[in-house]
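Trainee: Below: one structure in structure tokens.
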Amino acid sequence: MMKRDVFRFLKEPREMPAKVPLPLRTDGDWNELYGRFEDRQAAHQADRCLDCGNPYCEAKCPVHNYIPNWLKLVQEGRIVEAAALCHETNPLPEMCGRVCPQDRLCEGACTLDDGFGAVTIGAVEKYIVDTAFAQGWRPDVSKVVATGQRVAVIGAGPAGLACADRLVRAGIDAVVFDRYEQIGGLLQFGIPSFKLDKSVIAKRREVLEGMGVEFRLGVEIGRDVQVDALLEEFDAVFLGTGAYRYTDGGLPGQDLPDVLPALPFLVHNGRIVTGGDTWGRPVAGWETTLTLPKLAGKRVVVLGGGDTGMDCVRSAVRLGAASVTCAYRRDEANMPGSAREVGNAREEGVRFLFNRQPLSIEQDADGNVSGVRVIETTLGEPDANGRRAAVAIEGSESLIEADVVIIAFGFSPTVPEWLSTQGVEAQGNGRIRVGGERRLPYQTAHPKLFAGGDAVRGADLVVTAVQEGRDAAASIARMLRKATRPAKAALDA
Ligand code: FAD
Ligand code: SF4
């Protein structure tokens with residue numbers, strides 16, 4: 001066997017796939033920013049892995065991917081085996097490879113990150129799955145033994161999709177309901193196409209349908225179909241309903257016409273980019289029929305420094321805004337969004353104003369937005385979550401001029417009435433309470449109702465939603481196995 005050059009990382013620098021050239025991006029190109037690795041490039045990047053005996057990258061990855069093992073398969077050109085291995089831990093590896101904040105997760109924990117440039121784990125994960133799918137590979141469920149049991153999954157976001165994937169692999173029929181017309185949740189209706197091309201979601205739908213998952217789309221539970229009917233028809237129900245309660249900053253002036261809530265703005269844009277024209281149509285889950293102002297030539301200010309804020313600033317750039325400013329109340333080190341996306345936004349000309357707390361949105365004599373009044377902040381003591389609070393500095397007020405303001409303060413879940421009447425309880429900030437004494441992990445107070453993803457954690461990440469959906473499916477399968485055991489014993493007797 002040929003000896004491997006363990007010092008490859010010294011000769012081969014970290015390299016991401018090529019990006020769409022900057023002039024195209026600022027000229028309205030919505031294509032996925034990062035291209036694909038060539039086979040040779042992927043093998044070289046994978047070969048930089050040190051194969052640490054105790055891989056921190058695996059520990060830091062929320063789904064605990066077998067990273068060094070699939071990197072080795074890529075070095076050897078065994079892509080189909082690598083894809084099968086990726087799917088052992090992660091039902092949506094091509095999505096995570098694209099949108100995970102790797103700098104905070106696997107790549108941030110890579111030994112090489114300390115001065116040599118982390119292995120490009122996310123880009124290789126995307127390469128593996130895209131390549132295997134293009135070659136016709138599909139997850140093998142031919143040996144699955146059907147149990148005859150059926151589970152309804154509410155929500156076709158990452159949590160619901162991961163749950164459905166694991167259920168069908170366990171021989172349990174999964175029927176996924178979503179109020180939207182396409183699967184993906186925020187992957188489809190939220191995250192812009194320059195981060196995740198929507199054909200990737202369509203491909204995953206085809207793959208899941210091929211595995212036996214049934215989708216019933218355009219159906220809102222609690223309105224079109226009642227949860228009692230699902231509890232009657234199915235052996236269990238998984239709730240992957242996400243977090244859609246908009247954080248209200250209560251800013252004076254936030255109701256002015258050119259002040260936009262972030263998610264409807266992104267959803268409408270996404271629909272337009274993918275060929276639909278939904279101007280003025282209500283966005284499901286939102287009490288608003290938003291008429292988007294044209295951003296071309298406008299001064300746009302985005303309030304908030306998370307992933308949503310970054311998606312808004314970069315969308316505004318592509319929509320031809322004259323200037324785009326992001327104002328955030330803490331410093332750069334405390335921004336919740338991915339550092340990579342902040343870097344991309346900067347590259348695209350976005351101006352960042354840190355330590356600025358918005359006070360009000362100002363208007364001119366004609367009632368049009370004229371700017372955002374802000375006050376400078378300093379960082380105080382850590383709050384209950386360990387994050388340092390932003391403390392206003394007296395006398396430091398100023399105005400950021402703006403024609404359009406986009407508010408991206410984040411989201412929380414809610415427990416709707418149709419769930420609370422089933423006994424499902426909320427814990428802090430509207431999150432569904434799961435687990436605890438005498439309950440299985442991800443089981444709610446109702447024994448047949450399980451939950452995971454943003455609905456349980458609060459607004460978080462795709463990969464954590466995937467992990468919870470996957471693990472909730474294991475709990476459901478465990479409960480259903482237990483439920484069938486006495487019946488089987490009776491049959492055997
Ligand atoms: P969702 O993705 O929200 O899916 C929930 C689904 O449930 C939706 O499709 C909804 O229509 C459906 N649903 C809800 N109620 C009902 C009902 N009553 N009947 C039928 N269907 C229902 N995370 C990252 O890791 N990287 C990123 O780059 C990133 N960028 C983001 C950008 C934006 C703009 C936003 C808003 C979030 C971003 N996130 C990102 C967070 C990530 O998208 C979420 O954490 C993740 O999608 C949560 O998955 P989920 O399945 O729990 O919920
Ligand atoms: Fe990294 Fe996310 Fe892939 Fe885990 S799932 S290896 S955190 S990109």
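Ligands are numbered from 1 in the order shown, residues from 1 within each chain, and chains are lettered A, B, ... in the order they appear in the structure tokens.
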Per residue of chain A within 7 Å of ligand 2, record the nearest atom pair and its distance in Å to one decimal, counting only C-alpha atoms and all ligand atoms, with rows in chain order and ascending residue number, as a Markdown table.
Mentor:
```
| residue | atom | partner | partner_atom_place_in_ligand_line | distance |
| --- | --- | --- | --- | --- |
| A:Glu58 | CA | ligand 2 | 6 (S) | 6.9 |
| A:Lys60 | CA | ligand 2 | 7 (S) | 6.8 |
| A:Cys61 | CA | ligand 2 | 7 (S) | 3.9 |
| A:Pro62 | CA | ligand 2 | 4 (Fe) | 6.0 |
| A:Val63 | CA | ligand 2 | 4 (Fe) | 6.0 |
| A:His64 | CA | ligand 2 | 4 (Fe) | 6.4 |
| A:Asn65 | CA | ligand 2 | 6 (S) | 5.6 |
| A:Ile67 | CA | ligand 2 | 6 (S) | 6.3 |
| A:Asn90 | CA | ligand 2 | 5 (S) | 6.9 |
| A:Pro93 | CA | ligand 2 | 5 (S) | 6.1 |
| A:Cys96 | CA | ligand 2 | 2 (Fe) | 4.8 |
| A:Gly97 | CA | ligand 2 | 8 (S) | 4.3 |
| A:Cys100 | CA | ligand 2 | 2 (Fe) | 4.7 |
| A:Gln102 | CA | ligand 2 | 1 (Fe) | 5.3 |
| A:Leu105 | CA | ligand 2 | 7 (S) | 4.9 |
| A:Cys106 | CA | ligand 2 | 1 (Fe) | 4.4 |
| A:Glu107 | CA | ligand 2 | 1 (Fe) | 6.6 |
| A:Ile121 | CA | ligand 2 | 1 (Fe) | 6.0 |
| A:Gly122 | CA | ligand 2 | 8 (S) | 4.0 |
| A:Glu125 | CA | ligand 2 | 3 (Fe) | 6.2 |
| A:Val463 | CA | ligand 2 | 5 (S) | 5.8 |
```
Trainee: With DSSP run on the backbone, what are the strand (DSSP E) residues within region 13-254 of chain A? I'd like them as a ChimeraX atom specification.
Mentor: /A:150-154,173-178,214-217,236-239,245-246
Trainee: Take the residues just selected and output them with N, CA and C atoms as a short mmCIF file (atom, residue, chain, number, x, y, z; two decimals), in the first residue's frame.
Mentor:
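Saved file again.cif follows:
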```cif
data_model
loop_
_atom_site.label_atom_id
_atom_site.label_comp_id
_atom_site.auth_asym_id
_atom_site.auth_seq_id
_atom_site.Cartn_x
_atom_site.Cartn_y
_atom_site.Cartn_z
N ARG A 150 -47.42 3.52 11.28
CA ARG A 150 -47.44 4.77 10.50
C ARG A 150 -47.30 5.97 11.42
N VAL A 151 -46.48 6.92 10.99
CA VAL A 151 -46.26 8.13 11.79
C VAL A 151 -46.52 9.35 10.92
N ALA A 152 -47.23 10.33 11.48
CA ALA A 152 -47.43 11.61 10.79
C ALA A 152 -46.35 12.57 11.26
N VAL A 153 -45.75 13.28 10.32
CA VAL A 153 -44.73 14.27 10.64
C VAL A 153 -45.31 15.63 10.25
N ILE A 154 -45.39 16.54 11.20
CA ILE A 154 -45.91 17.88 10.88
C ILE A 154 -44.71 18.82 10.71
N ASP A 173 -43.89 3.69 8.21
CA ASP A 173 -44.33 4.63 7.16
C ASP A 173 -44.34 6.05 7.70
N ALA A 174 -43.83 6.99 6.91
CA ALA A 174 -43.82 8.39 7.34
C ALA A 174 -44.63 9.22 6.34
N VAL A 175 -45.61 9.95 6.85
CA VAL A 175 -46.39 10.87 6.01
C VAL A 175 -46.12 12.27 6.53
N VAL A 176 -45.53 13.12 5.67
CA VAL A 176 -45.10 14.45 6.11
C VAL A 176 -46.09 15.50 5.61
N PHE A 177 -46.60 16.30 6.54
CA PHE A 177 -47.54 17.38 6.20
C PHE A 177 -46.80 18.72 6.29
N ASP A 178 -47.06 19.61 5.35
CA ASP A 178 -46.54 20.98 5.49
C ASP A 178 -47.52 21.96 4.85
N GLU A 214 -43.99 9.84 2.19
CA GLU A 214 -45.11 10.48 1.46
C GLU A 214 -45.24 11.92 1.94
N PHE A 215 -45.37 12.85 0.99
CA PHE A 215 -45.56 14.26 1.36
C PHE A 215 -46.98 14.69 1.05
N ARG A 216 -47.62 15.34 2.02
CA ARG A 216 -48.92 15.97 1.76
C ARG A 216 -48.71 17.46 2.00
N LEU A 217 -48.51 18.19 0.91
CA LEU A 217 -48.11 19.60 1.01
C LEU A 217 -49.31 20.52 0.82
N ALA A 236 -48.13 7.53 15.88
CA ALA A 236 -47.47 8.62 16.61
C ALA A 236 -47.42 9.82 15.67
N VAL A 237 -47.15 11.00 16.26
CA VAL A 237 -47.05 12.24 15.46
C VAL A 237 -45.79 12.97 15.90
N PHE A 238 -45.00 13.41 14.92
CA PHE A 238 -43.80 14.23 15.22
C PHE A 238 -44.09 15.68 14.85
N LEU A 239 -43.74 16.59 15.76
CA LEU A 239 -43.95 18.02 15.53
C LEU A 239 -42.61 18.68 15.20
N ARG A 245 -42.37 32.97 15.59
CA ARG A 245 -42.86 34.17 16.29
C ARG A 245 -41.75 35.21 16.23
N TYR A 246 -42.08 36.28 15.58
CA TYR A 246 -41.13 37.33 15.26
C TYR A 246 -40.80 38.12 16.53
#
```
Trainee: Neighbouring residues of Trp70 (chain A) were defined as those with any atom within 8 Å, considering only C-alpha atoms; residues of the same chain fewer than 6 positions away were excluded. Please report them as a list in words.
Mentor: Ala82, Ala83, Leu85 and Cys86 of chain A
Trainee: Please provide as a list in words all residues within 8 Å of region 262-265 of chain A, with the sequence filter that same-chain residues fewer than 2 positions apart are discarded (counting only C-alpha atoms).
Mentor: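 Final neighbour list, sorted by chain and number: Gly190, Leu260, Val267, His268, Asn269, Val283, Trp286, Leu290, Leu292, Thr308, Gly309, Cys312, Ile406, Ile407 and Ala408 of chain A.
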Trainee: A:Ser323, A:Asn368, A:Ser315, A:Gln149: which is nearest ligand 1, counting only C-alpha atoms and all ligand atoms?
Mentor: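 Of A:Ser323, A:Asn368, A:Ser315, A:Gln149, the one nearest ligand 1, counting only C-alpha atoms and all ligand atoms, is A:Ser315.
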Trainee: For each of A:Leu50, A:Ile201, A:Ala389, A:Val456, take the minimum atom-to-atom distance to ligand 1, counting only C-alpha atoms and all ligand atoms, then give the residue where this is smallest.
Mentor: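 Of A:Leu50, A:Ile201, A:Ala389, A:Val456, the one nearest ligand 1 is A:Val456, counting only C-alpha atoms and all ligand atoms.
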Trainee: Any idea what the distance is between CA of Ala229 (chain A) and CA of Gln427 (chain A)?
Mentor: 25.8 Å
Trainee: Which of these residues is nearest to Ala243 (chain A), using only C-alpha atoms: A:Phe9, A:Trp30, A:Phe411, A:Trp418?
Mentor: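 Closest to Ala243 (chain A) of all the choices is A:Phe411.
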Trainee: Do a neighbour search on Ala455 (chain A) at 7 Å with only C-alpha atoms, toss out local chain neighbours closer than 6 positions, and write the hits as a list in words.
Mentor: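 Near neighbours after the sequence-gap exclusion: Gly240, Thr241, Gly242, Ala243, Pro413, Arg431 and Ile432 of chain A.
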Trainee: Write a file of the just-selected residues containing C-alpha atoms, as a PDB file, in the first residue's frame.
Mentor:
```
ATOM      1  CA  GLY A 240     -41.228  19.805  13.568  1.00  0.00           C
ATOM      2  CA  THR A 241     -43.119  23.075  13.249  1.00  0.00           C
ATOM      3  CA  GLY A 242     -40.202  25.473  13.655  1.00  0.00           C
ATOM      4  CA  ALA A 243     -40.010  28.922  15.266  1.00  0.00           C
ATOM      5  CA  PRO A 413     -41.575  29.207  18.713  1.00  0.00           C
ATOM      6  CA  ARG A 431     -40.517  26.130  23.270  1.00  0.00           C
ATOM      7  CA  ILE A 432     -42.290  22.762  23.365  1.00  0.00           C
TER       8      ILE A 432
END
```
Trainee: Using Å and a single decimal, report how far CA of Asn334 (chain A) sits from CA of Val462 (chain A).
Mentor: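 Distance reported for this atom pair: 20.3 Å.
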Trainee: Would you mind reading off the distance between CA of Ser142 (chain A) and CA of Pro158 (chain A), one decimal, in Å?
Mentor: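 These atoms are spaced 23.9 Å apart.
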